[in-house]
Structure formats: C-alpha cells, structure tokens
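> This structure is in structure tokens; I'll ask about it shortly.
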Amino acid sequence: MQKESLGKYIAIISKYWGTKINNEVSRFNINKTQVEMLGVLFYFRGLSQNELGEKLFLDKITVTKNLQGLISEGYVEKKRSQKDRRVKRLYLTPKIEEIGGEIEKIIFGAVSTLTRGFSPEEEKMLIQLMEKMTQNIFSEVFEEEKCSQLRENPI
C-alpha cells in the first residue's frame, strides 16, 4: 500500500493559507509575512530587526523588505535603543489599531476554515502533532547545520 504524502498536504495547506491571507489583507497594503511580523511585534514590543527575524525564522533580506513596507504604510516605527544607541527597536504605531481588529478576524476566520468540522479534541491533538513535527524538523535541520559548520570549521 502506498503511503500518502504528508509533505504534499503540508505544501497545499501552506500555499492556500498564504493565498487566502494575502487576498484578505491586501486592502491594507500588507501581506501574510507582514501580518506575522505585526503579530510578533504586538507580543514582543521593542524587538530589534534581527530579533524579529529570529522569532519568525526569516532571513535578513525577507525581514528588511517586509519591514520597510510596514514602515512606509505607517504601521511600524523604528526608535533608537536607550541602552545601545547603535540598535534600533521596532514598535507598532497607533495606526495599527485602525486595522488590528480586522486582521485578527481574518486570521481567526482562516483558522476556522482549516479546522471546520473538527472536535475540540481533534484540534488539540492536531496542534500537539504539529508541534511535534515542528520540533522534529528543527532538530534535524539544526543538527545538520551544526554538523556542516563543524565540518567547515573544525575546532
């Protein structure tokens, strides 16, 4: 018996989740990645650009490009750190309050679409399984990365 491809379903969900979110937030001149950035900045105010990228597992180019869009739209601002004047910290502006509730509805609506017909127990189990899958892939990738770095830079 041929095993169904888990990767296929993850890819499909990721693609169409992104499409759905992008379609719905485009009226605010932002995209899915920027929505994720806004969410992180809501909970972790005053992050540096590097810290924001680390929290979202994004490369520096992606962070810079998307952050510039958020700044130009007036949703995020950079302020010099009081502790280290070389570092700029990121903060949401009052303008985000105008769209924050709408964005939250969009995200919750998309999640509801994905979990339609699931019992609360199934939703909980799905989250637990996906957390475990995430841990598995992170440990694999970071272990490979660590081994690669050791091969390149032996101690």
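Residue numbers start at 1 in each chain; chains themselves are named A, B, ... in the order of the structure tokens; ligands are numbered from 1 in the order shown.
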List the spatial neighbours of Asn66 of chain A as JSON, numbers by chain - criterion: any atom at most 12 Å away, only C-alpha atoms, same-chain residues fewer than 2 positions off excluded.

{"A": [29, 30, 31, 32, 33, 34, 35, 36, 37, 38, 49, 52, 53, 58, 59, 60, 61, 62, 63, 64, 68, 69, 70, 71, 72, 73, 75, 76]}

> Run DSSP on the backbone of this structure and report the residues of chain A it assigns to helix (DSSP H, G or I), as a PDB file with N, CA and C atoms, in the first residue's frame.


ATOM      1  N   LEU A   6       2.584  13.167   3.303  1.00  0.00           N
ATOM      2  CA  LEU A   6       2.323  14.212   4.290  1.00  0.00           C
ATOM      3  C   LEU A   6       2.820  15.557   3.776  1.00  0.00           C
ATOM      4  N   GLY A   7       3.989  15.536   3.133  1.00  0.00           N
ATOM      5  CA  GLY A   7       4.564  16.760   2.581  1.00  0.00           C
ATOM      6  C   GLY A   7       3.644  17.437   1.589  1.00  0.00           C
ATOM      7  N   LYS A   8       2.945  16.619   0.789  1.00  0.00           N
ATOM      8  CA  LYS A   8       2.016  17.165  -0.200  1.00  0.00           C
ATOM      9  C   LYS A   8       0.934  17.998   0.488  1.00  0.00           C
ATOM     10  N   TYR A   9       0.377  17.461   1.564  1.00  0.00           N
ATOM     11  CA  TYR A   9      -0.699  18.168   2.253  1.00  0.00           C
ATOM     12  C   TYR A   9      -0.177  19.417   2.980  1.00  0.00           C
ATOM     13  N   ILE A  10       1.001  19.312   3.554  1.00  0.00           N
ATOM     14  CA  ILE A  10       1.591  20.488   4.212  1.00  0.00           C
ATOM     15  C   ILE A  10       1.810  21.593   3.182  1.00  0.00           C
ATOM     16  N   ALA A  11       2.341  21.238   2.023  1.00  0.00           N
ATOM     17  CA  ALA A  11       2.593  22.221   0.966  1.00  0.00           C
ATOM     18  C   ALA A  11       1.292  22.861   0.479  1.00  0.00           C
ATOM     19  N   ILE A  12       0.263  22.044   0.269  1.00  0.00           N
ATOM     20  CA  ILE A  12      -1.023  22.562  -0.207  1.00  0.00           C
ATOM     21  C   ILE A  12      -1.625  23.516   0.823  1.00  0.00           C
ATOM     22  N   ILE A  13      -1.641  23.096   2.078  1.00  0.00           N
ATOM     23  CA  ILE A  13      -2.205  23.955   3.127  1.00  0.00           C
ATOM     24  C   ILE A  13      -1.429  25.263   3.215  1.00  0.00           C
ATOM     25  N   SER A  14      -0.106  25.177   3.200  1.00  0.00           N
ATOM     26  CA  SER A  14       0.724  26.375   3.291  1.00  0.00           C
ATOM     27  C   SER A  14       0.457  27.322   2.126  1.00  0.00           C
ATOM     28  N   LYS A  15       0.402  26.780   0.930  1.00  0.00           N
ATOM     29  CA  LYS A  15       0.183  27.605  -0.258  1.00  0.00           C
ATOM     30  C   LYS A  15      -1.167  28.327  -0.197  1.00  0.00           C
ATOM     31  N   TYR A  16      -2.219  27.585   0.065  1.00  0.00           N
ATOM     32  CA  TYR A  16      -3.548  28.188   0.023  1.00  0.00           C
ATOM     33  C   TYR A  16      -3.863  29.012   1.274  1.00  0.00           C
ATOM     34  N   TRP A  17      -3.236  28.680   2.395  1.00  0.00           N
ATOM     35  CA  TRP A  17      -3.341  29.522   3.597  1.00  0.00           C
ATOM     36  C   TRP A  17      -2.755  30.893   3.259  1.00  0.00           C
ATOM     37  N   GLY A  18      -1.569  30.889   2.663  1.00  0.00           N
ATOM     38  CA  GLY A  18      -0.920  32.145   2.277  1.00  0.00           C
ATOM     39  C   GLY A  18      -1.746  32.931   1.285  1.00  0.00           C
ATOM     40  N   THR A  19      -2.305  32.234   0.307  1.00  0.00           N
ATOM     41  CA  THR A  19      -3.139  32.899  -0.698  1.00  0.00           C
ATOM     42  C   THR A  19      -4.361  33.537  -0.055  1.00  0.00           C
ATOM     43  N   LYS A  20      -5.020  32.798   0.818  1.00  0.00           N
ATOM     44  CA  LYS A  20      -6.223  33.318   1.492  1.00  0.00           C
ATOM     45  C   LYS A  20      -5.886  34.554   2.319  1.00  0.00           C
ATOM     46  N   ILE A  21      -4.836  34.468   3.126  1.00  0.00           N
ATOM     47  CA  ILE A  21      -4.456  35.608   3.971  1.00  0.00           C
ATOM     48  C   ILE A  21      -4.051  36.789   3.100  1.00  0.00           C
ATOM     49  N   ASN A  22      -3.207  36.545   2.095  1.00  0.00           N
ATOM     50  CA  ASN A  22      -2.767  37.637   1.214  1.00  0.00           C
ATOM     51  C   ASN A  22      -3.945  38.334   0.539  1.00  0.00           C
ATOM     52  N   ASN A  23      -4.908  37.553   0.051  1.00  0.00           N
ATOM     53  CA  ASN A  23      -6.082  38.141  -0.601  1.00  0.00           C
ATOM     54  C   ASN A  23      -6.861  39.040   0.356  1.00  0.00           C
ATOM     55  N   GLU A  24      -6.984  38.606   1.588  1.00  0.00           N
ATOM     56  CA  GLU A  24      -7.814  39.345   2.532  1.00  0.00           C
ATOM     57  C   GLU A  24      -7.121  40.546   3.160  1.00  0.00           C
ATOM     58  N   VAL A  25      -5.790  40.520   3.275  1.00  0.00           N
ATOM     59  CA  VAL A  25      -5.090  41.671   3.885  1.00  0.00           C
ATOM     60  C   VAL A  25      -4.545  42.642   2.852  1.00  0.00           C
ATOM     61  N   SER A  26      -4.672  42.310   1.572  1.00  0.00           N
ATOM     62  CA  SER A  26      -4.130  43.189   0.529  1.00  0.00           C
ATOM     63  C   SER A  26      -4.752  44.589   0.577  1.00  0.00           C
ATOM     64  N   ARG A  27      -5.974  44.712   1.052  1.00  0.00           N
ATOM     65  CA  ARG A  27      -6.621  46.034   1.138  1.00  0.00           C
ATOM     66  C   ARG A  27      -5.907  46.957   2.123  1.00  0.00           C
ATOM     67  N   PHE A  28      -5.065  46.387   2.994  1.00  0.00           N
ATOM     68  CA  PHE A  28      -4.283  47.190   3.940  1.00  0.00           C
ATOM     69  C   PHE A  28      -2.855  47.409   3.425  1.00  0.00           C
ATOM     70  N   LYS A  32       0.959  38.336   4.029  1.00  0.00           N
ATOM     71  CA  LYS A  32       0.940  37.347   5.114  1.00  0.00           C
ATOM     72  C   LYS A  32       2.173  37.447   5.999  1.00  0.00           C
ATOM     73  N   THR A  33       3.325  37.589   5.411  1.00  0.00           N
ATOM     74  CA  THR A  33       4.552  37.694   6.200  1.00  0.00           C
ATOM     75  C   THR A  33       4.513  38.936   7.085  1.00  0.00           C
ATOM     76  N   GLN A  34       4.010  40.029   6.554  1.00  0.00           N
ATOM     77  CA  GLN A  34       3.907  41.260   7.344  1.00  0.00           C
ATOM     78  C   GLN A  34       2.890  41.109   8.478  1.00  0.00           C
ATOM     79  N   VAL A  35       1.827  40.362   8.236  1.00  0.00           N
ATOM     80  CA  VAL A  35       0.856  40.083   9.299  1.00  0.00           C
ATOM     81  C   VAL A  35       1.540  39.313  10.430  1.00  0.00           C
ATOM     82  N   GLU A  36       2.357  38.324  10.062  1.00  0.00           N
ATOM     83  CA  GLU A  36       3.091  37.554  11.064  1.00  0.00           C
ATOM     84  C   GLU A  36       4.036  38.458  11.846  1.00  0.00           C
ATOM     85  N   MET A  37       4.685  39.379  11.147  1.00  0.00           N
ATOM     86  CA  MET A  37       5.595  40.312  11.809  1.00  0.00           C
ATOM     87  C   MET A  37       4.838  41.212  12.784  1.00  0.00           C
ATOM     88  N   LEU A  38       3.688  41.700  12.359  1.00  0.00           N
ATOM     89  CA  LEU A  38       2.866  42.548  13.241  1.00  0.00           C
ATOM     90  C   LEU A  38       2.455  41.775  14.487  1.00  0.00           C
ATOM     91  N   GLY A  39       2.097  40.510  14.308  1.00  0.00           N
ATOM     92  CA  GLY A  39       1.702  39.682  15.449  1.00  0.00           C
ATOM     93  C   GLY A  39       2.821  39.529  16.450  1.00  0.00           C
ATOM     94  N   VAL A  40       4.029  39.281  15.966  1.00  0.00           N
ATOM     95  CA  VAL A  40       5.180  39.143  16.867  1.00  0.00           C
ATOM     96  C   VAL A  40       5.452  40.460  17.571  1.00  0.00           C
ATOM     97  N   LEU A  41       5.393  41.573  16.830  1.00  0.00           N
ATOM     98  CA  LEU A  41       5.663  42.887  17.436  1.00  0.00           C
ATOM     99  C   LEU A  41       4.587  43.287  18.439  1.00  0.00           C
ATOM    100  N   PHE A  42       3.388  42.745  18.274  1.00  0.00           N
ATOM    101  CA  PHE A  42       2.335  43.019  19.242  1.00  0.00           C
ATOM    102  C   PHE A  42       2.684  42.398  20.603  1.00  0.00           C
ATOM    103  N   TYR A  43       3.206  41.172  20.557  1.00  0.00           N
ATOM    104  CA  TYR A  43       3.519  40.454  21.795  1.00  0.00           C
ATOM    105  C   TYR A  43       4.914  40.743  22.327  1.00  0.00           C
ATOM    106  N   GLN A  49      15.504  44.358  14.636  1.00  0.00           N
ATOM    107  CA  GLN A  49      15.185  43.720  13.367  1.00  0.00           C
ATOM    108  C   GLN A  49      15.699  42.275  13.350  1.00  0.00           C
ATOM    109  N   ASN A  50      16.894  42.056  13.876  1.00  0.00           N
ATOM    110  CA  ASN A  50      17.452  40.698  13.931  1.00  0.00           C
ATOM    111  C   ASN A  50      16.615  39.788  14.818  1.00  0.00           C
ATOM    112  N   GLU A  51      16.188  40.300  15.967  1.00  0.00           N
ATOM    113  CA  GLU A  51      15.365  39.500  16.884  1.00  0.00           C
ATOM    114  C   GLU A  51      14.037  39.125  16.245  1.00  0.00           C
ATOM    115  N   LEU A  52      13.457  40.052  15.500  1.00  0.00           N
ATOM    116  CA  LEU A  52      12.198  39.779  14.805  1.00  0.00           C
ATOM    117  C   LEU A  52      12.393  38.639  13.806  1.00  0.00           C
ATOM    118  N   GLY A  53      13.470  38.699  13.042  1.00  0.00           N
ATOM    119  CA  GLY A  53      13.760  37.639  12.077  1.00  0.00           C
ATOM    120  C   GLY A  53      13.963  36.289  12.733  1.00  0.00           C
ATOM    121  N   GLU A  54      14.642  36.286  13.881  1.00  0.00           N
ATOM    122  CA  GLU A  54      14.872  35.031  14.604  1.00  0.00           C
ATOM    123  C   GLU A  54      13.573  34.431  15.094  1.00  0.00           C
ATOM    124  N   LYS A  55      12.667  35.254  15.600  1.00  0.00           N
ATOM    125  CA  LYS A  55      11.390  34.743  16.112  1.00  0.00           C
ATOM    126  C   LYS A  55      10.553  34.106  14.998  1.00  0.00           C
ATOM    127  N   LEU A  56      10.682  34.629  13.780  1.00  0.00           N
ATOM    128  CA  LEU A  56       9.880  34.128  12.662  1.00  0.00           C
ATOM    129  C   LEU A  56      10.662  33.189  11.739  1.00  0.00           C
ATOM    130  N   LYS A  60      17.481  37.764   6.727  1.00  0.00           N
ATOM    131  CA  LYS A  60      17.582  39.219   6.878  1.00  0.00           C
ATOM    132  C   LYS A  60      16.965  39.978   5.712  1.00  0.00           C
ATOM    133  N   ILE A  61      17.120  39.461   4.510  1.00  0.00           N
ATOM    134  CA  ILE A  61      16.565  40.145   3.332  1.00  0.00           C
ATOM    135  C   ILE A  61      15.043  40.179   3.404  1.00  0.00           C
ATOM    136  N   THR A  62      14.441  39.062   3.759  1.00  0.00           N
ATOM    137  CA  THR A  62      12.979  38.993   3.868  1.00  0.00           C
ATOM    138  C   THR A  62      12.473  39.941   4.951  1.00  0.00           C
ATOM    139  N   VAL A  63      13.153  39.973   6.087  1.00  0.00           N
ATOM    140  CA  VAL A  63      12.755  40.872   7.174  1.00  0.00           C
ATOM    141  C   VAL A  63      12.856  42.318   6.719  1.00  0.00           C
ATOM    142  N   THR A  64      13.981  42.681   6.131  1.00  0.00           N
ATOM    143  CA  THR A  64      14.203  44.068   5.705  1.00  0.00           C
ATOM    144  C   THR A  64      13.143  44.517   4.708  1.00  0.00           C
ATOM    145  N   LYS A  65      12.899  43.694   3.691  1.00  0.00           N
ATOM    146  CA  LYS A  65      11.923  44.038   2.648  1.00  0.00           C
ATOM    147  C   LYS A  65      10.523  44.221   3.230  1.00  0.00           C
ATOM    148  N   ASN A  66      10.085  43.261   4.029  1.00  0.00           N
ATOM    149  CA  ASN A  66       8.732  43.329   4.582  1.00  0.00           C
ATOM    150  C   ASN A  66       8.597  44.405   5.641  1.00  0.00           C
ATOM    151  N   LEU A  67       9.627  44.606   6.425  1.00  0.00           N
ATOM    152  CA  LEU A  67       9.600  45.649   7.448  1.00  0.00           C
ATOM    153  C   LEU A  67       9.511  47.030   6.809  1.00  0.00           C
ATOM    154  N   GLN A  68      10.246  47.232   5.716  1.00  0.00           N
ATOM    155  CA  GLN A  68      10.194  48.522   5.027  1.00  0.00           C
ATOM    156  C   GLN A  68       8.771  48.838   4.576  1.00  0.00           C
ATOM    157  N   GLY A  69       8.053  47.825   4.091  1.00  0.00           N
ATOM    158  CA  GLY A  69       6.662  48.035   3.699  1.00  0.00           C
ATOM    159  C   GLY A  69       5.786  48.436   4.874  1.00  0.00           C
ATOM    160  N   LEU A  70       6.003  47.802   6.029  1.00  0.00           N
ATOM    161  CA  LEU A  70       5.223  48.142   7.228  1.00  0.00           C
ATOM    162  C   LEU A  70       5.537  49.558   7.706  1.00  0.00           C
ATOM    163  N   ILE A  71       6.784  49.954   7.583  1.00  0.00           N
ATOM    164  CA  ILE A  71       7.178  51.304   7.987  1.00  0.00           C
ATOM    165  C   ILE A  71       6.590  52.333   7.029  1.00  0.00           C
ATOM    166  N   SER A  72       6.677  52.068   5.733  1.00  0.00           N
ATOM    167  CA  SER A  72       6.153  53.029   4.753  1.00  0.00           C
ATOM    168  C   SER A  72       4.633  53.169   4.841  1.00  0.00           C
ATOM    169  N   ILE A  96      -1.889  51.082  13.639  1.00  0.00           N
ATOM    170  CA  ILE A  96      -2.204  49.648  13.598  1.00  0.00           C
ATOM    171  C   ILE A  96      -3.544  49.366  14.283  1.00  0.00           C
ATOM    172  N   GLU A  97      -3.922  50.200  15.235  1.00  0.00           N
ATOM    173  CA  GLU A  97      -5.200  49.999  15.926  1.00  0.00           C
ATOM    174  C   GLU A  97      -6.377  50.098  14.964  1.00  0.00           C
ATOM    175  N   GLU A  98      -6.198  50.864  13.880  1.00  0.00           N
ATOM    176  CA  GLU A  98      -7.260  51.017  12.884  1.00  0.00           C
ATOM    177  C   GLU A  98      -7.555  49.709  12.161  1.00  0.00           C
ATOM    178  N   ILE A  99      -6.527  48.862  12.000  1.00  0.00           N
ATOM    179  CA  ILE A  99      -6.712  47.625  11.227  1.00  0.00           C
ATOM    180  C   ILE A  99      -6.529  46.359  12.056  1.00  0.00           C
ATOM    181  N   GLY A 100      -6.042  46.487  13.276  1.00  0.00           N
ATOM    182  CA  GLY A 100      -5.736  45.318  14.102  1.00  0.00           C
ATOM    183  C   GLY A 100      -6.910  44.376  14.286  1.00  0.00           C
ATOM    184  N   GLY A 101      -8.065  44.911  14.575  1.00  0.00           N
ATOM    185  CA  GLY A 101      -9.248  44.072  14.767  1.00  0.00           C
ATOM    186  C   GLY A 101      -9.636  43.327  13.502  1.00  0.00           C
ATOM    187  N   GLU A 102      -9.518  43.993  12.362  1.00  0.00           N
ATOM    188  CA  GLU A 102      -9.838  43.355  11.082  1.00  0.00           C
ATOM    189  C   GLU A 102      -8.863  42.229  10.771  1.00  0.00           C
ATOM    190  N   ILE A 103      -7.589  42.474  11.021  1.00  0.00           N
ATOM    191  CA  ILE A 103      -6.583  41.439  10.765  1.00  0.00           C
ATOM    192  C   ILE A 103      -6.825  40.234  11.660  1.00  0.00           C
ATOM    193  N   GLU A 104      -7.143  40.495  12.914  1.00  0.00           N
ATOM    194  CA  GLU A 104      -7.427  39.403  13.845  1.00  0.00           C
ATOM    195  C   GLU A 104      -8.609  38.557  13.344  1.00  0.00           C
ATOM    196  N   LYS A 105      -9.657  39.216  12.856  1.00  0.00           N
ATOM    197  CA  LYS A 105     -10.819  38.494  12.315  1.00  0.00           C
ATOM    198  C   LYS A 105     -10.425  37.650  11.104  1.00  0.00           C
ATOM    199  N   ILE A 106      -9.558  38.188  10.255  1.00  0.00           N
ATOM    200  CA  ILE A 106      -9.108  37.464   9.070  1.00  0.00           C
ATOM    201  C   ILE A 106      -8.367  36.193   9.475  1.00  0.00           C
ATOM    202  N   ILE A 107      -7.447  36.323  10.434  1.00  0.00           N
ATOM    203  CA  ILE A 107      -6.659  35.162  10.873  1.00  0.00           C
ATOM    204  C   ILE A 107      -7.559  34.123  11.533  1.00  0.00           C
ATOM    205  N   PHE A 108      -8.419  34.557  12.455  1.00  0.00           N
ATOM    206  CA  PHE A 108      -9.312  33.604  13.124  1.00  0.00           C
ATOM    207  C   PHE A 108     -10.263  32.949  12.123  1.00  0.00           C
ATOM    208  N   GLY A 109     -10.685  33.701  11.123  1.00  0.00           N
ATOM    209  CA  GLY A 109     -11.543  33.136  10.090  1.00  0.00           C
ATOM    210  C   GLY A 109     -10.828  32.064   9.285  1.00  0.00           C
ATOM    211  N   ALA A 110      -9.559  32.322   8.972  1.00  0.00           N
ATOM    212  CA  ALA A 110      -8.775  31.343   8.217  1.00  0.00           C
ATOM    213  C   ALA A 110      -8.542  30.081   9.046  1.00  0.00           C
ATOM    214  N   VAL A 111      -8.285  30.256  10.327  1.00  0.00           N
ATOM    215  CA  VAL A 111      -8.097  29.092  11.206  1.00  0.00           C
ATOM    216  C   VAL A 111      -9.398  28.304  11.290  1.00  0.00           C
ATOM    217  N   SER A 112     -10.510  29.004  11.394  1.00  0.00           N
ATOM    218  CA  SER A 112     -11.814  28.328  11.452  1.00  0.00           C
ATOM    219  C   SER A 112     -12.077  27.530  10.183  1.00  0.00           C
ATOM    220  N   THR A 113     -11.657  28.083   9.056  1.00  0.00           N
ATOM    221  CA  THR A 113     -11.811  27.361   7.787  1.00  0.00           C
ATOM    222  C   THR A 113     -11.020  26.055   7.818  1.00  0.00           C
ATOM    223  N   LEU A 114      -9.772  26.132   8.295  1.00  0.00           N
ATOM    224  CA  LEU A 114      -8.921  24.935   8.341  1.00  0.00           C
ATOM    225  C   LEU A 114      -9.474  23.868   9.280  1.00  0.00           C
ATOM    226  N   PRO A 120     -13.191  19.767  19.444  1.00  0.00           N
ATOM    227  CA  PRO A 120     -12.133  20.410  20.247  1.00  0.00           C
ATOM    228  C   PRO A 120     -10.963  19.459  20.528  1.00  0.00           C
ATOM    229  N   GLU A 121     -11.270  18.190  20.738  1.00  0.00           N
ATOM    230  CA  GLU A 121     -10.222  17.200  20.996  1.00  0.00           C
ATOM    231  C   GLU A 121      -9.336  17.010  19.765  1.00  0.00           C
ATOM    232  N   GLU A 122      -9.965  16.977  18.582  1.00  0.00           N
ATOM    233  CA  GLU A 122      -9.189  16.832  17.347  1.00  0.00           C
ATOM    234  C   GLU A 122      -8.291  18.051  17.110  1.00  0.00           C
ATOM    235  N   GLU A 123      -8.816  19.234  17.380  1.00  0.00           N
ATOM    236  CA  GLU A 123      -7.996  20.449  17.239  1.00  0.00           C
ATOM    237  C   GLU A 123      -6.796  20.393  18.172  1.00  0.00           C
ATOM    238  N   LYS A 124      -7.034  19.993  19.419  1.00  0.00           N
ATOM    239  CA  LYS A 124      -5.950  19.909  20.397  1.00  0.00           C
ATOM    240  C   LYS A 124      -4.905  18.885  19.943  1.00  0.00           C
ATOM    241  N   MET A 125      -5.367  17.741  19.463  1.00  0.00           N
ATOM    242  CA  MET A 125      -4.454  16.700  19.006  1.00  0.00           C
ATOM    243  C   MET A 125      -3.661  17.176  17.789  1.00  0.00           C
ATOM    244  N   LEU A 126      -4.329  17.858  16.871  1.00  0.00           N
ATOM    245  CA  LEU A 126      -3.657  18.371  15.685  1.00  0.00           C
ATOM    246  C   LEU A 126      -2.529  19.335  16.081  1.00  0.00           C
ATOM    247  N   ILE A 127      -2.805  20.226  16.989  1.00  0.00           N
ATOM    248  CA  ILE A 127      -1.786  21.171  17.448  1.00  0.00           C
ATOM    249  C   ILE A 127      -0.612  20.419  18.082  1.00  0.00           C
ATOM    250  N   GLN A 128      -0.914  19.438  18.910  1.00  0.00           N
ATOM    251  CA  GLN A 128       0.153  18.655  19.544  1.00  0.00           C
ATOM    252  C   GLN A 128       1.005  17.931  18.497  1.00  0.00           C
ATOM    253  N   LEU A 129       0.359  17.347  17.504  1.00  0.00           N
ATOM    254  CA  LEU A 129       1.086  16.635  16.451  1.00  0.00           C
ATOM    255  C   LEU A 129       1.930  17.600  15.614  1.00  0.00           C
ATOM    256  N   MET A 130       1.378  18.761  15.319  1.00  0.00           N
ATOM    257  CA  MET A 130       2.126  19.729  14.512  1.00  0.00           C
ATOM    258  C   MET A 130       3.300  20.313  15.301  1.00  0.00           C
ATOM    259  N   GLU A 131       3.111  20.512  16.597  1.00  0.00           N
ATOM    260  CA  GLU A 131       4.231  20.959  17.438  1.00  0.00           C
ATOM    261  C   GLU A 131       5.347  19.921  17.421  1.00  0.00           C
ATOM    262  N   LYS A 132       4.974  18.659  17.505  1.00  0.00           N
ATOM    263  CA  LYS A 132       5.967  17.585  17.491  1.00  0.00           C
ATOM    264  C   LYS A 132       6.677  17.532  16.137  1.00  0.00           C
ATOM    265  N   MET A 133       5.918  17.679  15.047  1.00  0.00           N
ATOM    266  CA  MET A 133       6.524  17.704  13.720  1.00  0.00           C
ATOM    267  C   MET A 133       7.497  18.872  13.586  1.00  0.00           C
ATOM    268  N   THR A 134       7.110  20.026  14.120  1.00  0.00           N
ATOM    269  CA  THR A 134       7.974  21.205  14.073  1.00  0.00           C
ATOM    270  C   THR A 134       9.264  20.954  14.840  1.00  0.00           C
ATOM    271  N   GLN A 135       9.144  20.381  16.023  1.00  0.00           N
ATOM    272  CA  GLN A 135      10.340  20.054  16.815  1.00  0.00           C
ATOM    273  C   GLN A 135      11.226  19.063  16.067  1.00  0.00           C
ATOM    274  N   ASN A 136      10.614  18.066  15.429  1.00  0.00           N
ATOM    275  CA  ASN A 136      11.386  17.069  14.679  1.00  0.00           C
ATOM    276  C   ASN A 136      12.184  17.708  13.548  1.00  0.00           C
ATOM    277  N   ILE A 137      11.542  18.564  12.774  1.00  0.00           N
ATOM    278  CA  ILE A 137      12.235  19.160  11.630  1.00  0.00           C
ATOM    279  C   ILE A 137      13.298  20.143  12.101  1.00  0.00           C
ATOM    280  N   PHE A 138      12.997  20.898  13.162  1.00  0.00           N
ATOM    281  CA  PHE A 138      14.002  21.830  13.681  1.00  0.00           C
ATOM    282  C   PHE A 138      15.224  21.079  14.175  1.00  0.00           C
ATOM    283  N   SER A 139      15.011  20.013  14.927  1.00  0.00           N
ATOM    284  CA  SER A 139      16.165  19.285  15.455  1.00  0.00           C
ATOM    285  C   SER A 139      16.978  18.684  14.315  1.00  0.00           C
ATOM    286  N   GLU A 140      16.310  18.200  13.289  1.00  0.00           N
ATOM    287  CA  GLU A 140      17.005  17.622  12.136  1.00  0.00           C
ATOM    288  C   GLU A 140      17.796  18.682  11.375  1.00  0.00           C
ATOM    289  N   VAL A 141      17.149  19.791  11.058  1.00  0.00           N
ATOM    290  CA  VAL A 141      17.802  20.851  10.284  1.00  0.00           C
ATOM    291  C   VAL A 141      18.939  21.477  11.080  1.00  0.00           C
ATOM    292  N   PHE A 142      18.681  21.792  12.337  1.00  0.00           N
ATOM    293  CA  PHE A 142      19.718  22.437  13.125  1.00  0.00           C
ATOM    294  C   PHE A 142      20.864  21.487  13.429  1.00  0.00           C
ATOM    295  N   GLU A 143      20.584  20.195  13.555  1.00  0.00           N
ATOM    296  CA  GLU A 143      21.657  19.220  13.761  1.00  0.00           C
ATOM    297  C   GLU A 143      22.514  19.125  12.495  1.00  0.00           C
ATOM    298  N   GLU A 144      21.854  19.090  11.313  1.00  0.00           N
ATOM    299  CA  GLU A 144      22.592  19.057  10.056  1.00  0.00           C
ATOM    300  C   GLU A 144      23.432  20.321   9.891  1.00  0.00           C
ATOM    301  N   GLU A 145      22.835  21.469  10.241  1.00  0.00           N
ATOM    302  CA  GLU A 145      23.534  22.744  10.131  1.00  0.00           C
ATOM    303  C   GLU A 145      24.756  22.758  11.045  1.00  0.00           C
ATOM    304  N   LYS A 146      24.570  22.255  12.263  1.00  0.00           N
ATOM    305  CA  LYS A 146      25.659  22.196  13.234  1.00  0.00           C
ATOM    306  C   LYS A 146      26.780  21.285  12.729  1.00  0.00           C
ATOM    307  N   CYS A 147      26.419  20.131  12.176  1.00  0.00           N
ATOM    308  CA  CYS A 147      27.418  19.203  11.641  1.00  0.00           C
ATOM    309  C   CYS A 147      28.148  19.831  10.459  1.00  0.00           C
ATOM    310  N   SER A 148      27.424  20.531   9.612  1.00  0.00           N
ATOM    311  CA  SER A 148      28.025  21.195   8.457  1.00  0.00           C
ATOM    312  C   SER A 148      29.010  22.270   8.910  1.00  0.00           C
ATOM    313  N   GLN A 149      28.636  23.026   9.917  1.00  0.00           N
ATOM    314  CA  GLN A 149      29.521  24.069  10.443  1.00  0.00           C
ATOM    315  C   GLN A 149      30.773  23.454  11.053  1.00  0.00           C
ATOM    316  N   LEU A 150      30.626  22.330  11.721  1.00  0.00           N
ATOM    317  CA  LEU A 150      31.773  21.659  12.309  1.00  0.00           C
ATOM    318  C   LEU A 150      32.723  21.148  11.235  1.00  0.00           C
ATOM    319  N   ARG A 151      32.152  20.617  10.121  1.00  0.00           N
ATOM    320  CA  ARG A 151      32.999  20.149   9.020  1.00  0.00           C
ATOM    321  C   ARG A 151      33.769  21.312   8.395  1.00  0.00           C
ATOM    322  N   GLU A 152      33.087  22.469   8.258  1.00  0.00           N
ATOM    323  CA  GLU A 152      33.720  23.641   7.652  1.00  0.00           C
ATOM    324  C   GLU A 152      34.725  24.306   8.587  1.00  0.00           C
TER     325      GLU A 152
END

> So the first atom is atom CA of Lys88 of chain A and the second is atom CA of Ser48 of chain A; what is the distance between them in Å, to one decimal place?

6.0 Å

> Please report, as a PyMOL selection string, each residue of chain A to which DSSP assigns strand (DSSP E or B) when run on this structure's backbone.

chain A and resi 47+76-80+88-92

> What does the distance from atom CA of Arg45 of chain A to atom CA of Leu90 of chain A come to in Å, to one decimal?

6.9 Å

> Between atom CA of Lys83 of chain A and atom CA of Phe57 of chain A, what distance in Å does the model show, to one decimal?

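Going from atom CA of Lys83 of chain A over to atom CA of Phe57 of chain A covers 25.5 Å.
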